[in-house]
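Below is target37.txt, holding compact mmCIF, C-alpha atoms.
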# COMPACT_ATOMS: atom_id res chain seq x y z
CA MET A 1 99.51 82.91 101.69
CA LYS A 2 102.11 80.77 99.96
CA LYS A 3 100.43 77.59 101.18
CA ILE A 4 97.01 78.57 99.84
CA CYS A 5 98.37 80.01 96.58
CA MET A 6 100.45 76.91 95.97
CA THR A 7 97.50 74.69 96.87
CA LEU A 8 95.26 76.61 94.46
CA LEU A 9 97.87 76.46 91.72
CA ALA A 10 98.42 72.75 92.31
CA LEU A 11 94.67 72.09 92.27
CA VAL A 12 94.26 73.98 88.98
CA LEU A 13 97.27 72.21 87.46
CA VAL A 14 96.11 68.77 88.61
CA ALA A 15 92.64 69.45 87.25
CA GLY A 16 94.09 70.66 83.95
CA CYS A 17 96.91 68.16 83.47
CA SER A 18 95.14 64.83 83.57
CA SER A 19 96.18 62.22 81.02
CA LYS A 20 92.73 62.16 79.48
CA PRO A 21 90.60 65.21 78.63
CA ILE A 22 87.68 65.50 81.01
CA GLU A 23 84.32 66.58 79.74
CA PRO A 24 82.39 68.79 82.13
CA ASN A 25 79.72 66.73 83.86
CA ALA A 26 76.75 68.68 85.11
CA ASN A 27 75.85 65.82 87.46
CA LYS A 28 79.11 66.13 89.41
CA THR A 29 78.85 69.89 90.02
CA THR A 30 76.61 71.05 92.80
CA GLU A 31 74.80 74.15 91.63
CA THR A 32 73.99 76.82 94.15
CA PRO A 33 71.63 79.78 93.78
CA GLU A 34 74.66 81.89 92.84
CA THR A 35 75.50 79.69 89.83
CA ASN A 36 72.10 79.01 88.28
CA ASN A 37 71.77 79.96 84.62
CA VAL A 38 69.07 82.63 84.82
CA LYS A 39 69.28 86.13 83.38
CA ASN A 40 70.41 88.92 85.68
CA THR A 41 67.50 91.30 86.15
CA ASP A 42 69.52 94.16 87.65
CA GLU A 43 70.02 96.42 84.62
CA SER A 44 70.52 99.60 86.69
CA ASN A 45 74.29 99.22 87.05
CA ASN A 46 74.94 96.84 84.13
CA GLU A 47 76.45 94.31 86.56
CA LYS A 48 77.12 90.84 85.22
CA LYS A 49 78.63 87.85 87.01
CA ILE A 50 80.37 84.77 85.65
CA ALA A 51 81.17 81.84 87.94
CA CYS A 52 83.89 79.32 87.06
CA THR A 53 84.24 76.15 89.13
CA VAL A 54 86.96 73.50 89.24
CA ASN A 55 86.33 70.29 91.18
CA SER A 56 89.01 67.86 92.30
CA ASP A 57 88.20 64.87 94.52
CA SER A 58 86.85 66.43 97.72
CA ASP A 59 87.98 70.01 96.91
CA LYS A 60 86.38 72.79 94.89
CA ILE A 61 87.45 76.23 93.70
CA LYS A 62 84.73 78.61 92.61
CA THR A 63 85.80 81.94 91.14
CA LEU A 64 83.13 84.59 90.63
CA TYR A 65 84.06 87.38 88.20
CA ILE A 66 81.98 90.51 88.76
CA MET A 67 81.77 92.97 85.89
CA GLU A 68 80.39 96.44 85.47
CA GLU A 69 79.93 97.64 81.90
CA ASN A 70 81.79 94.52 80.67
CA GLN A 71 84.90 95.27 82.76
CA ILE A 72 85.92 92.91 85.57
CA VAL A 73 85.98 94.99 88.74
CA SER A 74 86.14 92.36 91.46
CA VAL A 75 86.62 88.67 92.02
CA ILE A 76 85.27 86.44 94.76
CA GLN A 77 87.13 83.18 95.17
CA GLU A 78 85.78 80.37 97.31
CA THR A 79 88.10 77.45 97.98
CA THR A 80 86.44 74.50 99.68
CA TYR A 81 88.42 71.68 101.24
CA GLY A 82 86.46 68.54 101.98
CA LEU A 83 87.39 67.02 105.32
CA THR A 84 88.52 63.42 105.04
CA LYS A 85 90.25 61.06 107.44
CA ASP A 86 93.56 61.90 105.72
CA ARG A 87 93.17 65.65 106.08
CA ASP A 88 94.37 67.63 109.07
CA LYS A 89 91.62 70.15 109.85
CA GLU A 90 93.82 72.15 112.23
CA SER A 91 96.57 72.75 109.67
CA ILE A 92 94.02 73.88 107.07
CA MET A 93 92.54 76.34 109.56
CA GLU A 94 96.02 77.54 110.59
CA SER A 95 96.97 78.13 106.96
CA MET A 96 93.71 79.96 106.20
CA ASN A 97 94.04 82.18 109.27
CA SER A 98 97.61 83.04 108.28
CA ASP A 99 96.50 83.84 104.72
CA LYS A 100 93.66 85.96 106.08
CA GLN A 101 96.07 88.11 108.08
CA ILE A 102 98.46 88.53 105.15
CA LEU A 103 95.85 89.21 102.47
CA THR A 104 93.81 91.64 104.54
CA ALA A 105 96.98 93.57 105.44
CA MET A 106 98.37 93.60 101.87
CA TYR A 107 95.24 94.11 99.78
CA ASN A 108 92.45 94.98 102.20
CA VAL A 109 90.43 92.02 100.90
CA GLY A 110 87.30 90.61 102.43
CA TYR A 111 88.21 87.20 103.86
CA GLU A 112 85.73 84.83 105.44
CA ILE A 113 86.32 81.30 106.73
CA ILE A 114 83.28 79.03 106.80
CA GLU A 115 83.59 75.75 108.70
CA THR A 116 81.16 72.83 108.76
CA ASP A 117 81.45 69.22 109.89
CA THR A 118 82.37 68.08 106.36
CA GLU A 119 84.32 71.00 104.83
CA ILE A 120 86.20 74.25 105.32
CA THR A 121 85.78 77.12 102.86
CA SER A 122 87.72 80.34 102.45
CA LYS A 123 85.82 83.12 100.70
CA ILE A 124 88.05 85.97 99.55
CA THR A 125 86.76 89.13 97.85
CA TYR A 126 89.30 91.04 95.74
CA ASN A 127 89.07 94.49 94.15
CA ILE A 128 91.26 93.79 91.10
CA SER A 129 92.51 97.37 90.89
CA LYS A 130 94.24 96.88 94.26
CA ILE A 131 96.13 93.60 93.73
CA ASP A 132 99.37 92.68 91.97
CA GLU A 133 99.87 90.70 88.75
CA ALA A 134 100.94 87.51 90.56
CA THR A 135 97.73 87.43 92.59
CA LEU A 136 95.68 88.23 89.48
CA ALA A 137 97.29 85.20 87.80
CA VAL A 138 96.24 82.96 90.71
CA LEU A 139 92.69 84.23 90.13
CA GLY A 140 92.91 83.18 86.47
CA LEU A 141 93.51 86.70 85.13
CA MET A 142 96.51 86.75 82.78
CA ASP A 143 97.88 89.66 80.76
CA GLU A 144 97.05 87.90 77.48
CA MET A 145 93.36 87.98 78.48
CA LYS A 146 93.24 91.76 78.14
CA THR A 147 91.71 93.67 75.28
CA ASP A 148 92.43 97.40 75.19
CA GLY A 149 93.96 97.16 78.68
CA LYS A 150 90.88 95.56 80.26
CA TYR A 151 90.20 91.90 81.01
CA ASP A 152 88.01 90.36 78.31
CA ILE A 153 85.59 88.00 80.08
CA ASN A 154 85.35 85.79 76.99
CA LYS A 155 89.13 85.24 77.09
CA VAL A 156 88.97 84.61 80.84
CA VAL A 157 86.24 81.98 80.42
CA GLU A 158 88.19 80.39 77.55
CA GLY A 159 91.30 80.20 79.74
CA MET A 160 89.37 78.76 82.67
CA THR A 161 87.69 76.08 80.55
CA LYS A 162 91.15 75.00 79.35
CA VAL A 163 91.89 73.96 82.96
CA ASN A 164 88.59 72.05 83.09
CA ALA A 165 86.58 74.74 84.84
CA THR A 166 82.86 74.88 84.25
CA CYS A 167 81.73 78.50 83.73
CA SER A 168 78.27 80.02 83.59
CA GLU A 169 76.54 83.35 84.00
CA VAL A 170 75.14 83.96 87.48
CA ILE A 171 71.57 85.07 87.83
CA GLU A 172 70.25 86.55 91.02

Would you put the structure from the file into structure tokens?
Amino acid sequence: MKKICMTLLALVLVAGCSSKPIEPNANKTTETPETNNVKNTDESNNEKKIACTVNSDSDKIKTLYIMEENQIVSVIQETTYGLTKDRDKESIMESMNSDKQILTAMYNVGYEIIETDTEITSKITYNISKIDEATLAVLGLMDEMKTDGKYDINKVVEGMTKVNATCSEVIE
């Protein structure tokens, strides 16, 4: 878990600490059906989703915040590592499998590893009521983002855009 957490933290810091501010570029981000800007038609449970994505070279972190009645209840984080000639596929898989064992034992998270010829993705689903503050911070959820004891999605999006994430409402 330390390897992935440190990698995620390093990726966010590298993306946010460049010498020149980076303007989000819609042409560089690959939109998927989960991140299209269309209104959510499911009004029955008042569910809303916000996706924030950070790209760095051949890697990508997509964090999906799922809310019910404007309260974040779960987070799905997909970390994609592009495979290059300088990247050891086996060590990435070993690290992900180790993280999967630790996270599922500690937090009972959903953890999926998706492997293709060009990339490896870990998809982790967290119930935020069951994880600690340090893990919440890795997911971009800081104490100062709370209003009345609940995470304020507007503050979360503001914090994520400060580290050069591109955020948008998800429509299904």

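Distance annotation: of A:Thr80, A:Asn70, A:Ser95, A:Asn164, the residue with the minimal separation from Glu115 in chain A is A:Thr80; atom set is all atoms listed in the file.
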
_Given the point (85.0, 84.8, 84.7) in the file's coordinates, find the residues that have an atom at most 6 Å from it, counting all atoms listed in the file, and give them as a PyMOL selection string._
chain A and resi 50-51+65+153+156-157

_Residues near Asn108 in chain A, cut-off 9 Å, all atoms listed in the file, skip fewer than 6 positions along chain, as a list in words_ =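 Everything that qualifies: Tyr126, Asn127 and Lys130 of chain A.
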
*Closest of A:Cys52, A:Cys167, A:Met160, A:Met96 to Gln77 in chain A - atom-to-atom distances counting all atoms listed in the file*: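 For Gln77 in chain A, the nearest of the candidates is A:Cys52.
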
*Name the closest residue to Ser129 in chain A among the candidates A:Asp99, A:Asp59, A:Tyr151, A:Gly82; distances are taken between atoms, counting all atoms listed in the file.*
A:Tyr151

*Please provide as a PyMOL selection string all residues within 12 Å of Thr116 in chain A, with the sequence filter that same-chain residues fewer than 6 positions apart are discarded (counting only C-alpha atoms).*
chain A and resi 80-83+89+93+122

*Which value, in Å to one decimal, gives the distance between CA of Ile102 in chain A and CA of Ile124 in chain A?*
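For CA of Ile102 in chain A relative to CA of Ile124 in chain A, the distance reads 12.1 Å.
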
Neighbours of Met67 in chain A within 8 Å (all atoms listed in the file; same-chain residues fewer than 6 positions away dropped), as a PDB file with C-alpha atoms, keeping the file's coordinate frame?
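And here is the file that came out, part.pdb:
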ATOM      1  CA  GLU A  47      76.450  94.310  86.560  1.00  0.00           C
ATOM      2  CA  LYS A  48      77.120  90.840  85.220  1.00  0.00           C
ATOM      3  CA  LYS A  49      78.630  87.850  87.010  1.00  0.00           C
ATOM      4  CA  VAL A  73      85.980  94.990  88.740  1.00  0.00           C
ATOM      5  CA  SER A  74      86.140  92.360  91.460  1.00  0.00           C
TER       6      SER A  74
END

_Please report the interatomic distance between CA of Ser98 in chain A and CA of Leu136 in chain A in Å with one decimal._
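So the two atoms, CA of Ser98 in chain A and CA of Leu136 in chain A, lie 19.6 Å apart.
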
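From CA of Glu133 in chain A back to CA of Ser58 in chain A, the distance works out to 29.0 Å.
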
Hey, can I get the axis-aligned box for range 107-125 of chain A? All listed atoms, 8 Å padding on each side, centre and edge lengths in Å to one decimal, as lines of an AutoDock Vina configuration file.
center_x = 88.2
center_y = 81.5
center_z = 103.9
size_x = 30.1
size_y = 42.9
size_z = 28.0

*May I have the protein, DNA and RNA residues with an atom at most 6 Å from (90.4, 85.7, 91.4), counting only C-alpha atoms in the file's coordinates, returned as a list in words?*
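Residues close enough to count: Thr63, Val75, Gln77 and Leu139 of chain A.
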
_Given only C-alpha atoms as the basis, pick out the residue of A:Thr147, A:Lys85, A:Leu64, A:Met142 nearest to Ile171 in chain A._
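Residue with the minimum atom-to-atom distance to Ile171 in chain A: A:Leu64.
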
Incomplete range 128-139 of chain A brought to all heavy atoms, written out as a PDB file, in the frame of the given file:
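The resulting file, result-v9.pdb, is shown below:
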ATOM      1  N   ILE A 128      90.098  94.085  91.945  1.00  0.00           N
ATOM      2  CA  ILE A 128      91.260  93.790  91.100  1.00  0.00           C
ATOM      3  C   ILE A 128      92.149  95.001  90.847  1.00  0.00           C
ATOM      4  O   ILE A 128      93.301  94.829  90.474  1.00  0.00           O
ATOM      5  CB  ILE A 128      90.871  93.103  89.777  1.00  0.00           C
ATOM      6  CG1 ILE A 128      90.079  94.021  88.869  1.00  0.00           C
ATOM      7  CG2 ILE A 128      90.153  91.808  90.023  1.00  0.00           C
ATOM      8  CD1 ILE A 128      90.053  93.525  87.440  1.00  0.00           C
ATOM      9  N   SER A 129      91.653  96.192  91.075  1.00  0.00           N
ATOM     10  CA  SER A 129      92.510  97.370  90.890  1.00  0.00           C
ATOM     11  C   SER A 129      93.515  97.525  92.019  1.00  0.00           C
ATOM     12  O   SER A 129      94.445  98.314  91.919  1.00  0.00           O
ATOM     13  CB  SER A 129      91.659  98.630  90.764  1.00  0.00           C
ATOM     14  OG  SER A 129      91.022  98.912  91.997  1.00  0.00           O
ATOM     15  N   LYS A 130      93.370  96.737  93.086  1.00  0.00           N
ATOM     16  CA  LYS A 130      94.240  96.880  94.260  1.00  0.00           C
ATOM     17  C   LYS A 130      95.160  95.687  94.499  1.00  0.00           C
ATOM     18  O   LYS A 130      95.761  95.588  95.557  1.00  0.00           O
ATOM     19  CB  LYS A 130      93.381  97.113  95.505  1.00  0.00           C
ATOM     20  CG  LYS A 130      92.596  98.403  95.443  1.00  0.00           C
ATOM     21  CD  LYS A 130      91.802  98.632  96.691  1.00  0.00           C
ATOM     22  CE  LYS A 130      91.048  99.952  96.584  1.00  0.00           C
ATOM     23  NZ  LYS A 130      90.277 100.238  97.772  1.00  0.00           N
ATOM     24  N   ILE A 131      95.268  94.768  93.522  1.00  0.00           N
ATOM     25  CA  ILE A 131      96.130  93.600  93.730  1.00  0.00           C
ATOM     26  C   ILE A 131      97.168  93.499  92.627  1.00  0.00           C
ATOM     27  O   ILE A 131      96.998  94.044  91.539  1.00  0.00           O
ATOM     28  CB  ILE A 131      95.308  92.296  93.861  1.00  0.00           C
ATOM     29  CG1 ILE A 131      94.411  92.065  92.656  1.00  0.00           C
ATOM     30  CG2 ILE A 131      94.485  92.299  95.116  1.00  0.00           C
ATOM     31  CD1 ILE A 131      93.648  90.770  92.708  1.00  0.00           C
ATOM     32  N   ASP A 132      98.254  92.772  92.920  1.00  0.00           N
ATOM     33  CA  ASP A 132      99.370  92.680  91.970  1.00  0.00           C
ATOM     34  C   ASP A 132      99.129  91.616  90.908  1.00  0.00           C
ATOM     35  O   ASP A 132      98.196  90.814  90.992  1.00  0.00           O
ATOM     36  CB  ASP A 132     100.675  92.429  92.718  1.00  0.00           C
ATOM     37  CG  ASP A 132     100.659  91.126  93.511  1.00  0.00           C
ATOM     38  OD1 ASP A 132      99.973  90.177  93.106  1.00  0.00           O
ATOM     39  OD2 ASP A 132     101.338  91.065  94.548  1.00  0.00           O
ATOM     40  N   GLU A 133     100.000  91.617  89.890  1.00  0.00           N
ATOM     41  CA  GLU A 133      99.870  90.700  88.750  1.00  0.00           C
ATOM     42  C   GLU A 133      99.955  89.236  89.162  1.00  0.00           C
ATOM     43  O   GLU A 133      99.248  88.404  88.608  1.00  0.00           O
ATOM     44  CB  GLU A 133     100.942  91.014  87.694  1.00  0.00           C
ATOM     45  CG  GLU A 133     100.768  92.367  87.016  1.00  0.00           C
ATOM     46  CD  GLU A 133      99.505  92.458  86.179  1.00  0.00           C
ATOM     47  OE1 GLU A 133      99.158  91.485  85.475  1.00  0.00           O
ATOM     48  OE2 GLU A 133      98.856  93.520  86.231  1.00  0.00           O
ATOM     49  N   ALA A 134     100.806  88.906  90.126  1.00  0.00           N
ATOM     50  CA  ALA A 134     100.940  87.510  90.560  1.00  0.00           C
ATOM     51  C   ALA A 134      99.641  87.002  91.172  1.00  0.00           C
ATOM     52  O   ALA A 134      99.217  85.877  90.903  1.00  0.00           O
ATOM     53  CB  ALA A 134     102.096  87.370  91.552  1.00  0.00           C
ATOM     54  N   THR A 135      98.998  87.832  91.978  1.00  0.00           N
ATOM     55  CA  THR A 135      97.730  87.430  92.590  1.00  0.00           C
ATOM     56  C   THR A 135      96.639  87.357  91.533  1.00  0.00           C
ATOM     57  O   THR A 135      95.807  86.452  91.558  1.00  0.00           O
ATOM     58  CB  THR A 135      97.343  88.412  93.715  1.00  0.00           C
ATOM     59  OG1 THR A 135      98.426  88.479  94.651  1.00  0.00           O
ATOM     60  CG2 THR A 135      96.082  87.962  94.428  1.00  0.00           C
ATOM     61  N   LEU A 136      96.649  88.285  90.585  1.00  0.00           N
ATOM     62  CA  LEU A 136      95.680  88.230  89.480  1.00  0.00           C
ATOM     63  C   LEU A 136      95.828  86.912  88.718  1.00  0.00           C
ATOM     64  O   LEU A 136      94.825  86.290  88.349  1.00  0.00           O
ATOM     65  CB  LEU A 136      95.870  89.418  88.536  1.00  0.00           C
ATOM     66  CG  LEU A 136      95.441  90.777  89.072  1.00  0.00           C
ATOM     67  CD1 LEU A 136      95.905  91.883  88.137  1.00  0.00           C
ATOM     68  CD2 LEU A 136      93.938  90.841  89.277  1.00  0.00           C
ATOM     69  N   ALA A 137      97.053  86.458  88.512  1.00  0.00           N
ATOM     70  CA  ALA A 137      97.290  85.200  87.800  1.00  0.00           C
ATOM     71  C   ALA A 137      96.703  84.020  88.566  1.00  0.00           C
ATOM     72  O   ALA A 137      96.126  83.115  87.963  1.00  0.00           O
ATOM     73  CB  ALA A 137      98.782  85.008  87.560  1.00  0.00           C
ATOM     74  N   VAL A 138      96.824  84.024  89.894  1.00  0.00           N
ATOM     75  CA  VAL A 138      96.240  82.960  90.710  1.00  0.00           C
ATOM     76  C   VAL A 138      94.719  82.944  90.549  1.00  0.00           C
ATOM     77  O   VAL A 138      94.080  81.896  90.578  1.00  0.00           O
ATOM     78  CB  VAL A 138      96.628  83.124  92.199  1.00  0.00           C
ATOM     79  CG1 VAL A 138      95.836  82.183  93.090  1.00  0.00           C
ATOM     80  CG2 VAL A 138      98.118  82.893  92.376  1.00  0.00           C
ATOM     81  N   LEU A 139      94.138  84.120  90.318  1.00  0.00           N
ATOM     82  CA  LEU A 139      92.690  84.230  90.130  1.00  0.00           C
ATOM     83  C   LEU A 139      92.269  83.907  88.694  1.00  0.00           C
ATOM     84  O   LEU A 139      91.092  84.002  88.350  1.00  0.00           O
ATOM     85  CB  LEU A 139      92.223  85.637  90.501  1.00  0.00           C
ATOM     86  CG  LEU A 139      92.441  86.027  91.953  1.00  0.00           C
ATOM     87  CD1 LEU A 139      92.106  87.494  92.166  1.00  0.00           C
ATOM     88  CD2 LEU A 139      91.631  85.152  92.873  1.00  0.00           C
TER      89      LEU A 139
END
